file run01.txt (compact mmCIF, C-alpha atoms)
# COMPACT_ATOMS: atom_id res chain seq x y z
CA MET A 1 0.00 0.00 0.00
CA ASP A 2 1.41 3.44 -0.88
CA GLU A 3 2.00 6.10 1.79
CA LEU A 4 -0.73 8.45 0.54
CA THR A 5 -3.35 5.72 0.84
CA GLU A 6 -2.18 5.01 4.39
CA VAL A 7 -2.47 8.71 5.23
CA ARG A 8 -5.99 8.91 3.81
CA GLU A 9 -7.11 5.84 5.77
CA LEU A 10 -5.64 7.22 8.98
CA ARG A 11 -7.28 10.63 8.52
CA ALA A 12 -10.63 9.18 7.52
CA GLY A 13 -11.37 8.15 11.11
CA ALA A 14 -11.12 11.62 12.57
CA PRO A 15 -14.35 13.51 13.49
CA ALA A 16 -14.97 16.61 11.41
CA PRO A 17 -17.74 18.89 12.69
CA ASP A 18 -15.38 21.66 13.74
CA ARG A 19 -11.74 22.57 14.20
CA ALA A 20 -11.62 21.68 17.90
CA ARG A 21 -12.82 18.13 17.27
CA LEU A 22 -10.55 17.76 14.24
CA ALA A 23 -7.42 18.59 16.22
CA PRO A 24 -6.57 15.09 17.58
CA GLY A 25 -7.00 13.35 14.21
CA ARG A 26 -5.14 16.12 12.44
CA ALA A 27 -2.20 15.79 14.83
CA ARG A 28 -2.07 12.01 14.30
CA LEU A 29 -2.10 12.53 10.54
CA LEU A 30 0.79 14.98 10.59
CA ASP A 31 2.81 12.95 13.07
CA THR A 32 2.45 9.78 10.98
CA ALA A 33 3.39 11.59 7.78
CA ARG A 34 6.44 13.06 9.45
CA ALA A 35 7.76 9.52 10.09
CA GLY A 36 9.12 9.51 13.56
CA GLY A 37 8.70 13.21 14.27
CA ARG A 38 7.65 14.72 17.54
CA GLY A 39 4.64 13.42 19.42
CA ARG A 40 1.29 15.17 19.64
CA ARG A 41 1.41 18.32 21.72
CA VAL A 42 -1.15 19.07 24.38
CA TRP A 43 -1.48 22.75 25.22
CA ALA A 44 -2.52 24.02 28.64
CA ARG A 45 -5.20 26.66 28.51
CA PRO A 46 -4.06 30.07 29.77
CA ARG A 47 -5.96 31.87 32.51
CA PHE A 48 -7.15 35.30 31.50
CA VAL A 49 -7.16 38.37 33.67
CA ILE A 50 -10.90 38.89 33.20
CA VAL A 51 -12.23 35.38 32.64
CA GLU A 52 -10.95 31.99 31.56
CA VAL A 53 -12.02 31.30 27.99
CA ALA A 54 -12.82 27.64 27.47
CA ALA A 55 -12.74 27.34 23.70
CA ALA A 56 -10.42 28.27 20.87
CA VAL A 57 -11.47 31.46 19.20
CA THR A 58 -12.21 31.67 15.55
CA VAL A 59 -13.35 35.20 14.89
CA VAL A 60 -14.84 35.96 11.49
CA ALA A 61 -15.05 39.47 10.05
CA VAL A 62 -17.32 39.44 6.98
CA THR A 63 -17.46 42.74 5.13
CA ALA A 64 -20.29 44.00 2.95
CA SER A 65 -18.31 43.60 -0.27
CA LEU A 66 -17.55 39.99 0.66
CA LEU A 67 -21.20 39.17 1.19
CA VAL A 68 -22.61 40.82 -1.89
CA GLY A 69 -19.94 39.75 -4.36
CA GLY A 70 -17.80 42.89 -4.39
CA GLU A 71 -20.46 45.56 -4.90
CA GLU A 72 -19.36 49.16 -4.64
CA ASN A 73 -19.40 50.62 -1.15
CA HIS A 74 -21.51 53.61 -2.28
CA GLY A 75 -19.43 56.52 -1.04
CA TRP A 76 -17.98 54.91 2.08
CA THR A 77 -14.40 56.04 2.69
CA ALA A 78 -12.07 53.69 4.52
CA PRO A 79 -10.65 55.16 7.77
CA ALA A 80 -6.95 55.82 8.13
CA ALA A 81 -5.03 52.65 8.95
CA LEU A 82 -3.56 52.24 12.42
CA THR A 83 0.22 52.44 12.45
CA GLU A 84 2.78 51.26 14.96
CA ALA A 85 3.36 54.90 15.91
CA ASP A 86 -0.36 55.23 16.73
CA LEU A 87 -0.12 52.38 19.22
CA LYS A 88 2.59 53.96 21.37
CA GLY A 89 0.88 55.03 24.58
CA MET A 90 -2.63 54.26 23.28
CA GLY A 91 -5.06 52.93 25.86
CA ALA A 92 -7.62 50.18 25.27
CA ALA A 93 -10.61 52.51 25.54
CA GLU A 94 -9.05 54.90 22.99
CA LEU A 95 -8.31 52.09 20.55
CA LEU A 96 -11.79 50.61 20.86
CA GLU A 97 -13.51 53.98 20.45
CA ARG A 98 -11.47 54.64 17.32
CA ALA A 99 -12.35 51.17 16.04
CA ALA A 100 -16.04 51.69 16.88
CA GLY A 101 -16.12 54.93 14.92
CA ALA A 102 -14.41 53.24 11.97
CA VAL A 103 -16.72 50.23 11.72
CA GLU A 104 -19.84 52.28 12.47
CA GLY A 105 -19.53 53.97 9.10
CA GLN A 106 -19.01 50.79 7.12
CA PRO A 107 -21.74 49.53 4.76
CA THR A 108 -24.47 47.41 6.31
CA VAL A 109 -23.83 43.67 6.21
CA PRO A 110 -27.00 41.94 4.92
CA GLU A 111 -28.28 38.88 6.77
CA PRO A 112 -27.42 35.69 4.84
CA ARG A 113 -30.17 33.17 4.06
CA ALA A 114 -30.66 30.37 6.56
CA LYS A 115 -29.31 27.69 4.20
CA GLN A 116 -26.27 29.64 3.07
CA TRP A 117 -22.88 28.73 4.51
CA VAL A 118 -20.12 30.81 6.10
CA TYR A 119 -16.69 29.69 4.93
CA THR A 120 -13.54 30.42 6.95
CA LYS A 121 -9.89 29.68 6.41
CA ASP A 122 -8.10 30.09 9.71
CA THR A 123 -4.75 29.51 11.36
CA ASP A 124 -3.81 27.35 14.31
CA GLU A 125 -1.50 29.87 15.96
CA GLY A 126 -0.15 27.35 18.48
CA GLU A 127 0.66 24.78 15.79
CA ALA A 128 2.36 27.41 13.64
CA ALA A 129 4.47 28.69 16.55
CA ALA A 130 5.67 25.15 17.33
CA LEU A 131 6.65 24.16 13.79
CA ASP A 132 10.36 23.97 13.11
CA PRO A 133 11.52 25.58 9.83
CA LYS A 134 12.31 22.21 8.22
CA THR A 135 8.79 20.89 8.83
CA LEU A 136 7.24 24.12 7.58
CA GLU A 137 9.36 24.03 4.43
CA GLU A 138 8.41 20.40 3.77
CA TYR A 139 4.68 20.53 4.47
CA GLY A 140 3.87 24.20 3.93
CA GLU A 141 1.04 26.32 5.25
CA TRP A 142 -1.43 23.44 5.46
CA SER A 143 0.47 22.32 8.54
CA TYR A 144 -1.38 25.05 10.44
CA LEU A 145 -4.28 26.22 8.24
CA GLY A 146 -7.81 24.81 8.30
CA GLU A 147 -10.94 25.38 6.20
CA ASN A 148 -14.42 25.08 7.65
CA TRP A 149 -18.04 25.92 6.80
CA ILE A 150 -21.08 26.37 9.03
CA ARG A 151 -24.61 26.72 7.73
CA PHE A 152 -26.08 30.04 8.79
CA ASP A 153 -28.98 28.37 10.61
CA GLY A 154 -26.39 26.39 12.57
CA VAL A 155 -27.70 22.89 11.82
CA LYS A 156 -24.72 21.64 9.77
CA ARG A 157 -20.94 22.02 9.69
CA ALA A 158 -18.33 21.00 7.15
CA SER A 159 -14.55 20.84 6.95
CA GLN A 160 -11.96 20.35 4.25
CA GLN A 161 -9.73 17.29 4.46
CA ARG A 162 -6.25 17.53 2.97
CA ASP A 163 -3.21 15.32 3.01
CA PRO A 164 -0.07 16.74 4.69
CA PHE A 165 1.11 18.14 1.35
CA GLY A 166 -1.98 20.33 0.92
CA LYS A 167 -3.82 18.22 -1.65
CA ARG A 168 -7.59 18.30 -1.14
CA ILE A 169 -9.14 14.92 -0.30
CA LYS A 170 -12.81 15.69 0.38
CA VAL A 171 -15.22 17.96 2.22
CA ASN A 172 -16.90 16.31 5.19
CA VAL A 173 -20.41 17.53 6.05
CA ASN A 174 -21.95 16.70 9.43
CA ASP A 175 -24.92 17.64 11.53
CA ALA A 176 -23.84 20.25 14.06
CA ASP A 177 -23.23 18.80 17.52
CA PRO A 178 -24.82 21.17 20.06
CA GLU A 179 -22.44 19.95 22.74
CA GLN A 180 -19.43 21.01 20.66
CA GLY A 181 -20.73 24.21 19.11
CA ALA A 182 -21.54 27.69 20.31
CA ASP A 183 -24.50 28.33 22.59
CA ARG A 184 -26.18 30.24 19.75
CA THR A 185 -26.37 29.72 16.01
CA PRO A 186 -24.83 32.18 13.52
CA VAL A 187 -28.24 33.65 12.74
CA GLU A 188 -29.03 34.10 16.45
CA MET A 189 -25.75 35.92 17.04
CA TYR A 190 -26.21 38.07 13.95
CA ARG A 191 -29.65 39.16 15.17
CA ALA A 192 -28.38 39.82 18.70
CA LEU A 193 -25.71 42.09 17.23
CA SER A 194 -28.01 43.78 14.73
CA THR A 195 -30.18 45.15 17.56
CA LEU A 196 -27.28 46.14 19.84
CA PRO A 197 -27.15 49.88 20.60
CA THR A 198 -24.03 51.67 19.39
CA ASP A 199 -23.28 53.42 22.72
CA ALA A 200 -21.43 51.66 25.54
CA GLU A 201 -24.13 52.05 28.20
CA GLY A 202 -26.92 50.88 25.93
CA ALA A 203 -24.84 48.00 24.59
CA LEU A 204 -23.94 46.79 28.08
CA LYS A 205 -27.57 46.95 29.18
CA ALA A 206 -28.63 44.88 26.17
CA LEU A 207 -25.77 42.39 26.66
CA ARG A 208 -26.69 41.86 30.29
CA ALA A 209 -30.33 41.24 29.39
CA GLU A 210 -29.25 38.79 26.67
CA ASN A 211 -26.89 36.97 29.02
CA ALA A 212 -29.01 37.03 32.19
CA ILE A 213 -29.72 33.27 32.14
CA THR A 214 -26.20 32.16 31.30
CA ASP A 215 -24.20 34.39 33.67
CA GLN A 216 -21.42 32.42 35.30
CA ARG A 217 -22.05 31.61 38.93
CA GLY A 218 -19.77 33.53 41.28
CA ALA A 219 -18.35 35.70 38.49
CA THR A 220 -18.19 39.47 38.72
CA GLN A 221 -20.29 41.67 36.46
CA ALA A 222 -17.19 42.55 34.45
CA GLU A 223 -16.37 38.86 33.96
CA ASN A 224 -19.89 38.12 32.73
CA ASP A 225 -19.84 41.18 30.46
CA TYR A 226 -16.54 40.06 28.98
CA GLU A 227 -17.77 36.53 28.40
CA GLU A 228 -20.83 37.76 26.50
CA ILE A 229 -18.71 40.14 24.42
CA ARG A 230 -16.28 37.30 23.69
CA LYS A 231 -19.10 35.13 22.38
CA LEU A 232 -20.37 37.86 20.06
CA LEU A 233 -16.86 38.65 18.80
CA ASN A 234 -16.92 35.03 17.64
CA ALA A 235 -20.02 35.63 15.52
CA GLU A 236 -19.63 34.34 11.97
CA VAL A 237 -21.23 37.48 10.48
CA LYS A 238 -21.16 40.79 12.36
CA PRO A 239 -23.20 43.85 11.29
CA PRO A 240 -20.98 46.95 11.72
CA GLU A 241 -23.43 48.92 13.88
CA GLY A 242 -23.60 46.11 16.43
CA LEU A 243 -19.84 45.67 16.32
CA ALA A 244 -19.41 49.36 17.15
CA GLY A 245 -21.52 48.93 20.29
CA LEU A 246 -19.61 45.77 21.18
CA TYR A 247 -16.27 47.61 20.95
CA ARG A 248 -17.51 50.47 23.11
CA ALA A 249 -18.86 48.05 25.72
CA LEU A 250 -15.54 46.19 25.74
CA GLY A 251 -13.73 49.49 26.21
CA THR A 252 -15.42 50.01 29.59
CA LEU A 253 -14.02 46.79 31.07
CA PRO A 254 -10.88 46.64 33.23
CA GLY A 255 -7.68 44.71 32.54
CA LEU A 256 -7.22 45.50 28.84
CA SER A 257 -4.09 46.98 27.28
CA VAL A 258 -2.86 47.75 23.78
CA VAL A 259 0.31 46.04 22.60
CA ASP A 260 2.67 48.89 21.68
CA HIS A 261 3.78 47.31 18.41
CA LEU A 262 2.11 45.49 15.53
CA VAL A 263 1.79 41.76 16.18
CA GLU A 264 2.53 39.12 13.54
CA ASP A 265 0.15 36.20 12.99
CA ALA A 266 1.03 32.78 11.57
CA VAL A 267 0.79 33.94 7.94
CA GLY A 268 2.91 37.03 8.55
CA ARG A 269 0.24 39.74 8.68
CA LYS A 270 0.92 42.73 10.94
CA LEU A 271 -2.05 43.21 13.28
CA VAL A 272 -3.04 45.33 16.28
CA GLY A 273 -2.94 43.45 19.58
CA LEU A 274 -5.37 44.03 22.46
CA SER A 275 -4.24 42.07 25.51
CA THR A 276 -6.26 40.77 28.47
CA GLY A 277 -3.24 39.56 30.39
CA GLY A 278 0.09 40.97 29.30
CA ASP A 279 2.60 38.15 28.87
CA SER A 280 0.05 35.49 29.86
CA GLY A 281 -3.51 35.70 28.61
CA THR A 282 -5.49 36.37 25.47
CA ARG A 283 -4.31 38.76 22.79
CA TRP A 284 -7.14 39.81 20.47
CA LEU A 285 -5.91 40.73 16.98
CA MET A 286 -7.43 43.53 14.91
CA ASP A 287 -6.82 44.33 11.26
CA PRO A 288 -5.27 47.85 11.29
CA GLU A 289 -7.03 48.82 8.03
CA THR A 290 -10.56 47.43 8.48
CA TYR A 291 -10.65 47.65 12.31
CA GLN A 292 -12.21 44.20 12.39
CA VAL A 293 -11.15 41.71 15.05
CA VAL A 294 -9.86 38.75 13.06
CA GLY A 295 -8.81 36.35 15.81
CA SER A 296 -6.71 35.86 18.89
CA GLN A 297 -3.55 34.33 20.22
CA TRP A 298 -3.12 32.64 23.57
CA ILE A 299 0.04 33.88 25.23
CA GLN A 300 1.90 32.18 28.08
CA ASP A 301 5.07 33.78 29.43
CA GLY A 302 5.37 35.76 26.21
CA ARG A 303 5.04 32.70 23.93
CA THR A 304 2.15 31.94 21.58
CA ILE A 305 0.67 28.60 22.64
CA GLY A 306 -2.67 28.64 20.85
CA GLY A 307 -5.44 30.66 19.28
CA SER A 308 -6.81 31.11 15.80
CA VAL A 309 -6.86 33.93 13.24
CA THR A 310 -9.10 34.18 10.19
CA VAL A 311 -7.23 34.46 6.89
CA ASP A 312 -10.21 34.36 4.50
CA THR A 313 -13.99 34.24 4.85
CA ALA A 314 -17.07 34.37 2.64
CA VAL A 315 -20.78 33.59 2.55
CA VAL A 316 -21.36 30.85 -0.03
CA ASP A 317 -24.21 28.67 -1.23
CA LYS A 318 -22.73 25.26 -0.40
CA PRO A 319 -19.82 23.70 1.46
CA GLY A 320 -16.72 23.29 -0.64
CA GLU A 321 -17.04 26.72 -2.26
CA ARG A 322 -14.45 29.52 -1.83
CA ASN A 323 -11.49 27.29 -1.09

call {"tool": "encode", "arguments": {"input": "run01.txt", "output": "structure tokens"}}
result
Amino acid sequence: MDELTEVRELRAGAPAPDRARLAPGRARLLDTARAGGRGRRVWARPRFVIVEVAAAVTVVAVTASLLVGGEENHGWTAPAALTEADLKGMGAAELLERAAGAVEGQPTVPEPRAKQWVYTKDTDEGEAAALDPKTLEEYGEWSYLGENWIRFDGVKRASQQRDPFGKRIKVNVNDADPEQGADRTPVEMYRALSTLPTDAEGALKALRAENAITDQRGATQAENDYEEIRKLLNAEVKPPEGLAGLYRALGTLPGLSVVDHLVEDAVGRKLVGLSTGGDSGTRWLMDPETYQVVGSQWIQDGRTIGGSVTVDTAVVDKPGERN
């Protein structure tokens, strides 16, 4: 039997509803292909200053032009990009207010149809940070990139299988597992954001009403506020008005700081970092041109040990498209 067939048979047994459940099978696939390479790594979750986040973050920023096939933005002018000089001495509230003002003026993002799919290509920041140059040169970016789809009504998920050399094998489609997914579907999160006030006080009031049943027992109000904001930052499609309110609400919370230099993600993009814990915690990453949060890194003692950043995203009609 040839090696590629062995790889396909090994990978075929891995579950595929989402990236978190794919991780063990994906690690076995890569370790087998690397013939005697290092064993599978198990990362400890970092504790955050505000709240411990239990799941890997895959944040998707879908713009209006992406959703409507590149239509003109009808007079909208892009805000000035954030530079490294801008970040020197900038506080979290200042950054988030500037970001809120920038996204507030962006074109409205239309609500996708229930049976449309949201496609994302995202990085595994922990995997990328751990790869030695020889492995990266041999196996390329598919060592740490993944492609996934979720139907907008939340009932199905899909993922792209590839061999270690990047060749597509097949797209696996599965019913969404409620125990492994978010507590709300993409359409539910879109609608929660679309009605969110754009001011901080109004947004916080709405968030607290939305999250009243699921508040964490024994947590402070700030911890519960942060957890609800975190969930909505993970929304697959985010209307800009709601995102503006979300940023302003986040800017009222304690424990946030702006990284004073642009941060590099796994594919080499220079992004703005918003930290919840300095050298150990979560570092949210924002595109300096669009002001959209595109993902996060988990930092422990200054090292990247996990997280995920969106490289590409689109609303499509069926799984397997836009890849």

call {"tool": "atom_distance", "arguments": {"input": "run01.txt", "atom1": "CA of Val309 (chain A)", "atom2": "CA of Leu243 (chain A)"}}
result
17.8 Å

call {"tool": "closest_residue", "arguments": {"input": "run01.txt", "among": "A:Gly154, A:Pro164, A:Gly126, A:Gly251", "to": "Gln297 (chain A)", "atoms": "only C-alpha atoms"}}
result
A:Gly126

call {"tool": "residues_around", "arguments": {"input": "run01.txt", "residues": "Ser275 (chain A)", "least_positions_apart": "3", "cutoff": "12 Å", "atoms": "all atoms listed in the file", "output": "tab-separated table (two decimals) with C-alpha atoms, in the frame of the given file"}}
result
chain	number	residue	atom	x	y	z
A	48	PHE	CA	-7.15	35.30	31.50
A	49	VAL	CA	-7.16	38.37	33.67
A	50	ILE	CA	-10.90	38.89	33.20
A	91	GLY	CA	-5.06	52.93	25.86
A	92	ALA	CA	-7.62	50.18	25.27
A	95	LEU	CA	-8.31	52.09	20.55
A	254	PRO	CA	-10.88	46.64	33.23
A	255	GLY	CA	-7.68	44.71	32.54
A	256	LEU	CA	-7.22	45.50	28.84
A	257	SER	CA	-4.09	46.98	27.28
A	258	VAL	CA	-2.86	47.75	23.78
A	259	VAL	CA	0.31	46.04	22.60
A	260	ASP	CA	2.67	48.89	21.68
A	261	HIS	CA	3.78	47.31	18.41
A	263	VAL	CA	1.79	41.76	16.18
A	272	VAL	CA	-3.04	45.33	16.28
A	278	GLY	CA	0.09	40.97	29.30
A	279	ASP	CA	2.60	38.15	28.87
A	280	SER	CA	0.05	35.49	29.86
A	281	GLY	CA	-3.51	35.70	28.61
A	282	THR	CA	-5.49	36.37	25.47
A	283	ARG	CA	-4.31	38.76	22.79
A	284	TRP	CA	-7.14	39.81	20.47
A	285	LEU	CA	-5.91	40.73	16.98
A	286	MET	CA	-7.43	43.53	14.91
A	296	SER	CA	-6.71	35.86	18.89
A	297	GLN	CA	-3.55	34.33	20.22
A	298	TRP	CA	-3.12	32.64	23.57
A	299	ILE	CA	0.04	33.88	25.23
A	300	GLN	CA	1.90	32.18	28.08
A	302	GLY	CA	5.37	35.76	26.21

call {"tool": "residues_around", "arguments": {"input": "run01.txt", "residues": "Ala249 (chain A)", "least_positions_apart": "5", "cutoff": "12 Å", "atoms": "only C-alpha atoms", "output": "NGL selection string"}}
result
:A and (92-93 or 96-97 or 100 or 196-208 or 222 or 225-230 or 232-233 or 242-244 or 254)

call {"tool": "closest_residue", "arguments": {"input": "run01.txt", "among": "A:Arg98, A:Arg248, A:Lys170, A:Lys156", "to": "Leu82 (chain A)", "atoms": "all atoms listed in the file"}}
result
A:Arg98

call {"tool": "closest_residue", "arguments": {"input": "run01.txt", "among": "A:Glu241, A:Leu253, A:Arg191, A:Thr313", "to": "Gln221 (chain A)", "atoms": "all atoms listed in the file"}}
result
A:Leu253

call {"tool": "axis_aligned_box", "arguments": {"input": "run01.txt", "around": "region 168-173 of chain A", "padding_each_side": "5 Å", "output": "JSON"}}
result
{"center_x": -14.0, "center_y": 16.6, "center_z": 2.5, "size_x": 22.8, "size_y": 13.4, "size_z": 17.2}

call {"tool": "atom_distance", "arguments": {"input": "run01.txt", "atom1": "CA of Asp317 (chain A)", "atom2": "CA of Arg151 (chain A)"}}
result
9.2 Å

call {"tool": "atom_distance", "arguments": {"input": "run01.txt", "atom1": "CA of Glu289 (chain A)", "atom2": "CA of Val103 (chain A)"}}
result
10.5 Å

call {"tool": "residues_around", "arguments": {"input": "run01.txt", "residues": "region 107-118 of chain A", "least_positions_apart": "3", "cutoff": "7 Å", "atoms": "all atoms listed in the file", "output": "list of chain:residue names"}}
result
A:Thr63, A:Ala64, A:Asn73, A:Trp149, A:Ile150, A:Arg151, A:Phe152, A:Asp153, A:Glu236, A:Pro239, A:Pro240, A:Ala314, A:Val315, A:Val316, A:Asp317, A:Lys318, A:Pro319

call {"tool": "residues_around", "arguments": {"input": "run01.txt", "residues": "Asp175 (chain A)", "least_positions_apart": "2", "cutoff": "9 Å", "atoms": "all atoms listed in the file", "output": "list of chain:residue names"}}
result
A:Pro17, A:Gly154, A:Val155, A:Lys156, A:Arg157, A:Ala158, A:Val173, A:Asp177

call {"tool": "residues_around", "arguments": {"input": "run01.txt", "residues": "Asn148 (chain A)", "least_positions_apart": "4", "cutoff": "6 Å", "atoms": "all atoms listed in the file", "output": "PyMOL selection string"}}
result
chain A and resi 119-120+158-159

call {"tool": "closest_residue", "arguments": {"input": "run01.txt", "among": "A:Ser194, A:Leu145, A:Arg322, A:Asp183", "to": "Gly245 (chain A)", "atoms": "only C-alpha atoms"}}
result
A:Ser194

call {"tool": "closest_residue", "arguments": {"input": "run01.txt", "among": "A:Ala219, A:Leu271, A:Val294, A:Ala129", "to": "Glu84 (chain A)", "atoms": "all atoms listed in the file"}}
result
A:Leu271

call {"tool": "closest_residue", "arguments": {"input": "run01.txt", "among": "A:Ala235, A:Leu250, A:Val171, A:Val267", "to": "Trp142 (chain A)", "atoms": "all atoms listed in the file"}}
result
A:Val267
